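Chemist: The structure file query_12.cif (mmCIF, N, CA and C atoms) is provided below.
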```
data_structure
loop_
_atom_site.label_atom_id
_atom_site.label_comp_id
_atom_site.auth_asym_id
_atom_site.auth_seq_id
_atom_site.Cartn_x
_atom_site.Cartn_y
_atom_site.Cartn_z
N GLN D 11 0.83 -1.19 0.00
CA GLN D 11 0.00 0.00 0.00
C GLN D 11 0.87 1.25 0.00
N VAL D 12 0.37 2.24 -0.68
CA VAL D 12 1.03 3.54 -0.72
C VAL D 12 0.01 4.58 -0.29
N GLN D 13 0.44 5.47 0.59
CA GLN D 13 -0.43 6.56 1.01
C GLN D 13 0.14 7.88 0.48
N LEU D 14 -0.76 8.74 0.03
CA LEU D 14 -0.36 10.04 -0.51
C LEU D 14 -1.15 11.13 0.18
N VAL D 15 -0.46 12.19 0.59
CA VAL D 15 -1.12 13.31 1.23
C VAL D 15 -0.67 14.59 0.56
N GLU D 16 -1.64 15.30 -0.03
CA GLU D 16 -1.36 16.58 -0.67
C GLU D 16 -1.61 17.72 0.30
N SER D 17 -0.91 18.81 0.08
CA SER D 17 -1.12 20.02 0.86
C SER D 17 -0.68 21.22 0.05
N GLY D 18 -1.06 22.41 0.51
CA GLY D 18 -0.60 23.63 -0.12
C GLY D 18 -1.62 24.35 -0.96
N GLY D 19 -2.80 23.77 -1.12
CA GLY D 19 -3.83 24.44 -1.89
C GLY D 19 -4.38 25.65 -1.17
N GLY D 20 -5.20 26.41 -1.88
CA GLY D 20 -5.80 27.58 -1.28
C GLY D 20 -6.40 28.50 -2.31
N LEU D 21 -6.74 29.68 -1.86
CA LEU D 21 -7.33 30.70 -2.71
C LEU D 21 -6.25 31.72 -3.07
N VAL D 22 -6.13 32.01 -4.35
CA VAL D 22 -5.11 32.95 -4.80
C VAL D 22 -5.68 33.78 -5.94
N GLN D 23 -5.19 34.98 -6.08
CA GLN D 23 -5.64 35.84 -7.18
C GLN D 23 -4.92 35.45 -8.47
N ALA D 24 -5.55 35.75 -9.56
CA ALA D 24 -4.93 35.50 -10.86
C ALA D 24 -3.58 36.19 -10.92
N GLY D 25 -2.61 35.47 -11.47
CA GLY D 25 -1.26 35.98 -11.53
C GLY D 25 -0.41 35.58 -10.34
N GLY D 26 -1.04 35.03 -9.34
CA GLY D 26 -0.32 34.62 -8.14
C GLY D 26 0.33 33.26 -8.27
N SER D 27 0.90 32.82 -7.16
CA SER D 27 1.65 31.55 -7.15
C SER D 27 1.25 30.70 -5.95
N LEU D 28 1.37 29.40 -6.13
CA LEU D 28 1.18 28.44 -5.06
C LEU D 28 2.14 27.28 -5.29
N THR D 29 2.55 26.65 -4.21
CA THR D 29 3.33 25.42 -4.34
C THR D 29 2.60 24.30 -3.60
N LEU D 30 2.30 23.26 -4.32
CA LEU D 30 1.65 22.09 -3.75
C LEU D 30 2.69 21.05 -3.36
N SER D 31 2.39 20.33 -2.30
CA SER D 31 3.29 19.27 -1.84
C SER D 31 2.53 17.96 -1.79
N CYS D 32 3.26 16.88 -2.05
CA CYS D 32 2.70 15.54 -1.94
C CYS D 32 3.69 14.69 -1.17
N ALA D 33 3.23 14.13 -0.07
CA ALA D 33 4.08 13.26 0.74
C ALA D 33 3.63 11.82 0.55
N ALA D 34 4.55 10.98 0.13
CA ALA D 34 4.25 9.56 -0.07
C ALA D 34 4.80 8.75 1.10
N SER D 35 4.03 7.75 1.50
CA SER D 35 4.48 6.88 2.59
C SER D 35 4.00 5.46 2.32
N GLY D 36 4.42 4.56 3.15
CA GLY D 36 4.05 3.16 2.95
C GLY D 36 5.08 2.44 2.11
N ASN D 37 4.62 1.64 1.17
CA ASN D 37 5.51 0.83 0.34
C ASN D 37 6.01 1.64 -0.87
N THR D 38 6.71 2.73 -0.55
CA THR D 38 7.13 3.66 -1.60
C THR D 38 8.14 3.06 -2.57
N ILE D 39 8.81 2.01 -2.18
CA ILE D 39 9.80 1.40 -3.06
C ILE D 39 9.14 0.85 -4.33
N LYS D 40 7.84 0.62 -4.27
CA LYS D 40 7.11 0.09 -5.43
C LYS D 40 6.69 1.18 -6.42
N ILE D 41 6.85 2.44 -6.03
CA ILE D 41 6.40 3.52 -6.91
C ILE D 41 7.29 3.61 -8.14
N ILE D 42 6.65 3.63 -9.31
CA ILE D 42 7.38 3.77 -10.57
C ILE D 42 7.40 5.24 -10.99
N VAL D 43 6.26 5.88 -10.96
CA VAL D 43 6.20 7.30 -11.28
C VAL D 43 5.22 7.99 -10.33
N LEU D 44 5.47 9.28 -10.13
CA LEU D 44 4.58 10.14 -9.35
C LEU D 44 4.15 11.27 -10.24
N ASN D 45 2.86 11.55 -10.24
CA ASN D 45 2.32 12.58 -11.11
C ASN D 45 1.34 13.48 -10.38
N TRP D 46 1.13 14.65 -10.97
CA TRP D 46 0.07 15.55 -10.51
C TRP D 46 -1.06 15.53 -11.54
N TYR D 47 -2.27 15.40 -11.02
CA TYR D 47 -3.49 15.50 -11.82
C TYR D 47 -4.33 16.63 -11.24
N ARG D 48 -5.30 17.05 -12.01
CA ARG D 48 -6.27 18.00 -11.48
C ARG D 48 -7.64 17.71 -12.07
N GLN D 49 -8.67 18.11 -11.33
CA GLN D 49 -10.04 17.96 -11.81
C GLN D 49 -10.77 19.27 -11.62
N PRO D 50 -10.94 20.02 -12.71
CA PRO D 50 -11.70 21.27 -12.63
C PRO D 50 -13.16 20.97 -12.36
N PRO D 51 -13.91 21.95 -11.86
CA PRO D 51 -15.34 21.74 -11.58
C PRO D 51 -16.09 21.28 -12.83
N GLY D 52 -16.80 20.18 -12.71
CA GLY D 52 -17.61 19.69 -13.80
C GLY D 52 -16.85 19.06 -14.95
N LYS D 53 -15.56 18.84 -14.76
CA LYS D 53 -14.76 18.27 -15.84
C LYS D 53 -14.05 17.00 -15.37
N GLN D 54 -13.45 16.32 -16.33
CA GLN D 54 -12.75 15.09 -16.00
C GLN D 54 -11.37 15.38 -15.42
N ARG D 55 -10.86 14.43 -14.69
CA ARG D 55 -9.52 14.55 -14.15
C ARG D 55 -8.51 14.48 -15.30
N GLU D 56 -7.49 15.34 -15.21
CA GLU D 56 -6.49 15.40 -16.27
C GLU D 56 -5.09 15.39 -15.69
N LEU D 57 -4.17 14.85 -16.46
CA LEU D 57 -2.77 14.84 -16.07
C LEU D 57 -2.18 16.22 -16.26
N VAL D 58 -1.53 16.72 -15.22
CA VAL D 58 -0.95 18.05 -15.26
C VAL D 58 0.56 17.98 -15.48
N ALA D 59 1.23 17.22 -14.65
CA ALA D 59 2.70 17.16 -14.73
C ALA D 59 3.21 15.97 -13.94
N GLY D 60 4.41 15.55 -14.29
CA GLY D 60 5.03 14.48 -13.54
C GLY D 60 6.12 13.80 -14.32
N ASN D 61 6.65 12.74 -13.75
CA ASN D 61 7.66 12.00 -14.49
C ASN D 61 6.99 10.85 -15.22
N THR D 62 7.73 10.32 -16.15
CA THR D 62 7.19 9.24 -16.98
C THR D 62 8.08 8.01 -16.88
N THR D 63 7.59 6.89 -17.36
CA THR D 63 8.39 5.68 -17.35
C THR D 63 9.60 5.82 -18.25
N GLY D 64 9.56 6.77 -19.17
CA GLY D 64 10.69 7.01 -20.04
C GLY D 64 11.77 7.86 -19.40
N GLY D 65 11.46 8.39 -18.21
CA GLY D 65 12.46 9.15 -17.48
C GLY D 65 12.50 10.63 -17.78
N TYR D 66 11.49 11.13 -18.47
CA TYR D 66 11.47 12.57 -18.73
C TYR D 66 10.25 13.19 -18.05
N LEU D 67 10.28 14.49 -17.92
CA LEU D 67 9.18 15.20 -17.28
C LEU D 67 8.11 15.55 -18.31
N TYR D 68 6.87 15.40 -17.90
CA TYR D 68 5.74 15.73 -18.75
C TYR D 68 4.99 16.92 -18.16
N TYR D 69 4.57 17.83 -19.04
CA TYR D 69 3.72 18.94 -18.65
C TYR D 69 2.58 19.04 -19.66
N ALA D 70 1.39 19.23 -19.16
CA ALA D 70 0.27 19.52 -20.05
C ALA D 70 0.53 20.85 -20.76
N ASP D 71 0.07 20.96 -21.97
CA ASP D 71 0.31 22.19 -22.74
C ASP D 71 -0.22 23.42 -22.00
N SER D 72 -1.30 23.26 -21.28
CA SER D 72 -1.94 24.40 -20.61
C SER D 72 -1.11 24.94 -19.45
N VAL D 73 -0.12 24.18 -18.99
CA VAL D 73 0.66 24.65 -17.84
C VAL D 73 2.14 24.84 -18.16
N LYS D 74 2.53 24.50 -19.36
CA LYS D 74 3.95 24.63 -19.73
C LYS D 74 4.42 26.06 -19.56
N GLY D 75 5.58 26.20 -18.95
CA GLY D 75 6.15 27.52 -18.73
C GLY D 75 5.66 28.20 -17.46
N ARG D 76 4.62 27.64 -16.85
CA ARG D 76 4.07 28.24 -15.63
C ARG D 76 4.21 27.30 -14.41
N PHE D 77 4.13 26.01 -14.64
CA PHE D 77 4.21 25.04 -13.56
C PHE D 77 5.54 24.29 -13.64
N THR D 78 6.08 23.97 -12.47
CA THR D 78 7.31 23.19 -12.40
C THR D 78 7.14 22.07 -11.39
N VAL D 79 7.41 20.85 -11.81
CA VAL D 79 7.31 19.70 -10.92
C VAL D 79 8.72 19.30 -10.48
N SER D 80 8.83 18.94 -9.22
CA SER D 80 10.10 18.48 -8.69
C SER D 80 9.84 17.44 -7.62
N GLY D 81 10.87 16.68 -7.32
CA GLY D 81 10.69 15.63 -6.34
C GLY D 81 11.96 15.30 -5.59
N ASP D 82 11.78 14.60 -4.49
CA ASP D 82 12.90 14.14 -3.69
C ASP D 82 12.65 12.67 -3.38
N ASN D 83 13.39 11.79 -4.03
CA ASN D 83 13.17 10.36 -3.87
C ASN D 83 13.52 9.87 -2.47
N VAL D 84 14.45 10.55 -1.81
CA VAL D 84 14.85 10.14 -0.47
C VAL D 84 13.74 10.47 0.53
N LYS D 85 13.18 11.66 0.37
CA LYS D 85 12.12 12.10 1.28
C LYS D 85 10.74 11.65 0.81
N ASN D 86 10.67 11.05 -0.37
CA ASN D 86 9.39 10.62 -0.94
C ASN D 86 8.41 11.78 -1.03
N MET D 87 8.91 12.87 -1.60
CA MET D 87 8.10 14.07 -1.74
C MET D 87 8.02 14.47 -3.21
N LEU D 88 6.90 15.07 -3.57
CA LEU D 88 6.69 15.62 -4.90
C LEU D 88 6.09 16.99 -4.73
N TRP D 89 6.58 17.95 -5.49
CA TRP D 89 6.07 19.32 -5.40
C TRP D 89 5.60 19.79 -6.77
N LEU D 90 4.69 20.73 -6.74
CA LEU D 90 4.24 21.38 -7.96
C LEU D 90 4.23 22.87 -7.70
N GLN D 91 5.20 23.54 -8.29
CA GLN D 91 5.27 25.00 -8.17
C GLN D 91 4.45 25.61 -9.29
N MET D 92 3.46 26.39 -8.92
CA MET D 92 2.54 26.97 -9.89
C MET D 92 2.68 28.48 -9.87
N THR D 93 2.97 29.08 -11.00
CA THR D 93 3.09 30.52 -11.10
C THR D 93 2.15 31.03 -12.18
N SER D 94 1.98 32.34 -12.21
CA SER D 94 1.10 32.97 -13.19
C SER D 94 -0.24 32.25 -13.27
N LEU D 95 -0.82 31.99 -12.13
CA LEU D 95 -2.05 31.21 -12.08
C LEU D 95 -3.20 31.94 -12.76
N LYS D 96 -4.06 31.15 -13.38
CA LYS D 96 -5.21 31.67 -14.11
C LYS D 96 -6.48 31.09 -13.50
N PRO D 97 -7.61 31.75 -13.67
CA PRO D 97 -8.86 31.20 -13.15
C PRO D 97 -9.14 29.79 -13.66
N GLU D 98 -8.71 29.49 -14.88
CA GLU D 98 -8.93 28.15 -15.42
C GLU D 98 -8.05 27.08 -14.77
N ASP D 99 -7.14 27.49 -13.90
CA ASP D 99 -6.36 26.52 -13.14
C ASP D 99 -7.11 26.05 -11.89
N THR D 100 -8.27 26.66 -11.64
CA THR D 100 -9.09 26.25 -10.50
C THR D 100 -9.48 24.78 -10.62
N ALA D 101 -9.15 24.01 -9.59
CA ALA D 101 -9.41 22.57 -9.65
C ALA D 101 -9.01 21.95 -8.31
N VAL D 102 -9.40 20.70 -8.16
CA VAL D 102 -8.83 19.89 -7.08
C VAL D 102 -7.60 19.21 -7.67
N TYR D 103 -6.49 19.37 -7.01
CA TYR D 103 -5.23 18.81 -7.49
C TYR D 103 -4.91 17.54 -6.71
N TYR D 104 -4.59 16.49 -7.46
CA TYR D 104 -4.32 15.19 -6.86
C TYR D 104 -2.90 14.72 -7.19
N CYS D 105 -2.33 14.06 -6.23
CA CYS D 105 -1.07 13.37 -6.43
C CYS D 105 -1.40 11.91 -6.73
N ALA D 106 -0.68 11.32 -7.67
CA ALA D 106 -0.93 9.93 -8.04
C ALA D 106 0.38 9.17 -8.11
N ALA D 107 0.38 7.98 -7.57
CA ALA D 107 1.57 7.12 -7.59
C ALA D 107 1.24 5.86 -8.38
N VAL D 108 2.06 5.57 -9.34
CA VAL D 108 1.86 4.38 -10.18
C VAL D 108 2.82 3.29 -9.75
N THR D 109 2.26 2.11 -9.46
CA THR D 109 3.08 0.93 -9.20
C THR D 109 2.73 -0.11 -10.25
N ARG D 110 3.37 -1.24 -10.22
CA ARG D 110 3.07 -2.29 -11.20
C ARG D 110 1.64 -2.82 -11.02
N GLU D 111 1.15 -2.73 -9.79
CA GLU D 111 -0.16 -3.32 -9.50
C GLU D 111 -1.31 -2.35 -9.74
N ARG D 112 -1.10 -1.08 -9.42
CA ARG D 112 -2.21 -0.15 -9.47
C ARG D 112 -1.73 1.27 -9.34
N LYS D 113 -2.68 2.20 -9.46
CA LYS D 113 -2.41 3.62 -9.24
C LYS D 113 -3.06 4.03 -7.93
N TYR D 114 -2.30 4.75 -7.12
CA TYR D 114 -2.80 5.26 -5.86
C TYR D 114 -3.07 6.76 -5.97
N TRP D 115 -4.08 7.22 -5.25
CA TRP D 115 -4.46 8.64 -5.28
C TRP D 115 -4.45 9.21 -3.89
N GLY D 116 -4.08 10.49 -3.81
CA GLY D 116 -4.25 11.22 -2.58
C GLY D 116 -5.68 11.73 -2.49
N GLN D 117 -5.95 12.46 -1.42
CA GLN D 117 -7.32 12.96 -1.20
C GLN D 117 -7.58 14.25 -1.96
N GLY D 118 -6.53 14.86 -2.45
CA GLY D 118 -6.67 16.08 -3.23
C GLY D 118 -6.58 17.35 -2.39
N THR D 119 -6.20 18.41 -3.04
CA THR D 119 -6.15 19.72 -2.40
C THR D 119 -6.74 20.74 -3.35
N GLN D 120 -7.61 21.59 -2.84
CA GLN D 120 -8.35 22.54 -3.67
C GLN D 120 -7.49 23.78 -3.97
N VAL D 121 -7.44 24.12 -5.23
CA VAL D 121 -6.81 25.37 -5.66
C VAL D 121 -7.88 26.21 -6.34
N THR D 122 -8.08 27.42 -5.85
CA THR D 122 -9.06 28.32 -6.43
C THR D 122 -8.36 29.61 -6.82
N VAL D 123 -8.49 29.98 -8.08
CA VAL D 123 -7.86 31.19 -8.59
C VAL D 123 -8.95 32.18 -8.94
N SER D 124 -8.94 33.30 -8.27
CA SER D 124 -9.96 34.33 -8.51
C SER D 124 -9.48 35.31 -9.56
N SER D 125 -10.43 35.83 -10.32
CA SER D 125 -10.07 36.77 -11.40
C SER D 125 -10.06 38.20 -10.88
#
```
Can I see the file as structure tokens?
Modeler:
Amino acid sequence: QVQLVESGGGLVQAGGSLTLSCAASGNTIKIIVLNWYRQPPGKQRELVAGNTTGGYLYYADSVKGRFTVSGDNVKNMLWLQMTSLKPEDTAVYYCAAVTRERKYWGQGTQVTVSS
């Protein structure tokens, strides 16, 4: 089992910045990749950023140049630095861990960007 806990969400004005954190615990040695997803109100969950099985970083086109993902394998932490936030970035942001058996999800953290 892998447990994921996100933090750092909140209310911010357009143009502002937030940094989200994801702490992984449990059987973290089984984690292959860690990613950030988000689910805007009334929409499907989408991949935002993270590492891939190919070893490179992925960013959705909508966040390229504004969001930066980073991690610490020793501390089992993943961060998402978000800058130049837009109202359309409003969503619940989730951390996801992929293992050979399944994908694990955190409980999510709400990010609201006001115009």
Chemist: Let me know the residues the PyMOL selection byres (((chain D and resi 50-52 and name CA) around 10) and name CA) catches in the file above, as a VMD selection string.
Modeler: chain D and resid 48 to 49 53 to 56 98 to 103 120 to 122
Chemist: Within segment 22-110 of chain D, find each residue whose DSSP state, derived from the backbone, is helix (DSSP H, G or I), and express the selection as a list in words.
Modeler: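 DSSP-assigned helix (DSSP H, G or I) residues in segment 22-110 of chain D: Thr38, Ile39, Lys40, Pro97, Glu98 and Asp99 of chain D.
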Chemist: What does the distance between atom CA of Lys85 of chain D and atom CA of Val73 of chain D come to in Å, to one decimal place?
Modeler: 25.6 Å
Chemist: For Gly75 of chain D, which residue out of D:Thr93, D:Met87, D:Ile39, D:Leu21 is the nearest one, using all atoms listed in the file?
Modeler: D:Thr93
Chemist: Taking every listed atom of segment 35-45 of chain D and adding 8 Å to each side, what centre and edge lengths in Å (one decimal) does the axis-aligned box have, as AutoDock Vina command-line options?
Modeler:
```
--center_x 5.6 --center_y 6.8 --center_z -4.1 --size_x 24.5 --size_y 29.4 --size_z 30.4
```
Chemist: Would you please work out which residue, of D:Pro97, D:Lys74, D:Ser27, D:Cys32, is nearest to Ser124 of chain D when using only C-alpha atoms?
Modeler: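 Checking each candidate against Ser124 of chain D, we get D:Pro97 as the closest.
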Chemist: Between atom CA of Ser125 of chain D and atom CA of Ser31 of chain D, what is the spacing in Å?
Modeler: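 Computing the Euclidean distance for atom CA of Ser31 of chain D and atom CA of Ser125 of chain D yields 24.0 Å.
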Chemist: Which residue gives the smallest distance to Thr62 of chain D among D:Val123, D:Ala106, D:Ala34, D:Leu44, with only N, CA and C atoms counted?
Modeler: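 The shortest atom-to-atom distance to Thr62 of chain D comes from D:Leu44.
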Chemist: Report, in Å with one decimal, the straight-line distance from atom CA of Leu90 of chain D to atom CA of Arg110 of chain D.
Modeler: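 Interatomic distance, atom CA of Leu90 of chain D to atom CA of Arg110 of chain D: 23.9 Å.
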Chemist: Between D:Lys96, D:Ala59, D:Ala33, D:Ala24, single out the one closest to Gly116 of chain D, counting only C-alpha atoms.
Modeler: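 Checking each candidate against Gly116 of chain D, we get D:Ala33 as the closest.
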Chemist: For Arg76 of chain D, which residue out of D:Val12, D:Gly20, D:Gly26, D:Gly118 is the nearest one, using only C-alpha atoms?
Modeler: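 Smallest distance to Arg76 of chain D is found for D:Gly26.
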Chemist: Looking at D:Val22, D:Thr63, D:Arg112, D:Leu30, which one is nearest to Val43 of chain D, with distances taken over all atoms listed in the file?
Modeler: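 Between D:Val22, D:Thr63, D:Arg112, D:Leu30, the residue approaching Val43 of chain D most closely is D:Thr63.
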Chemist: Considering only strand (DSSP E) as DSSP defines it on the backbone, what residues of chain D qualify? List them as number ranges by chain.
Modeler: D: 12-17, 20-23, 28-36, 43-49, 56-61, 67-69, 77-82, 87-92, 101-108, 113-115, 119-124
Chemist: I want to know what sits within 5 Å of Val58 of chain D, based on all atoms listed in the file, with residues of the same chain fewer than 5 positions away left out; could you give that as number ranges by chain?
Modeler: D: 46-48, 69-70
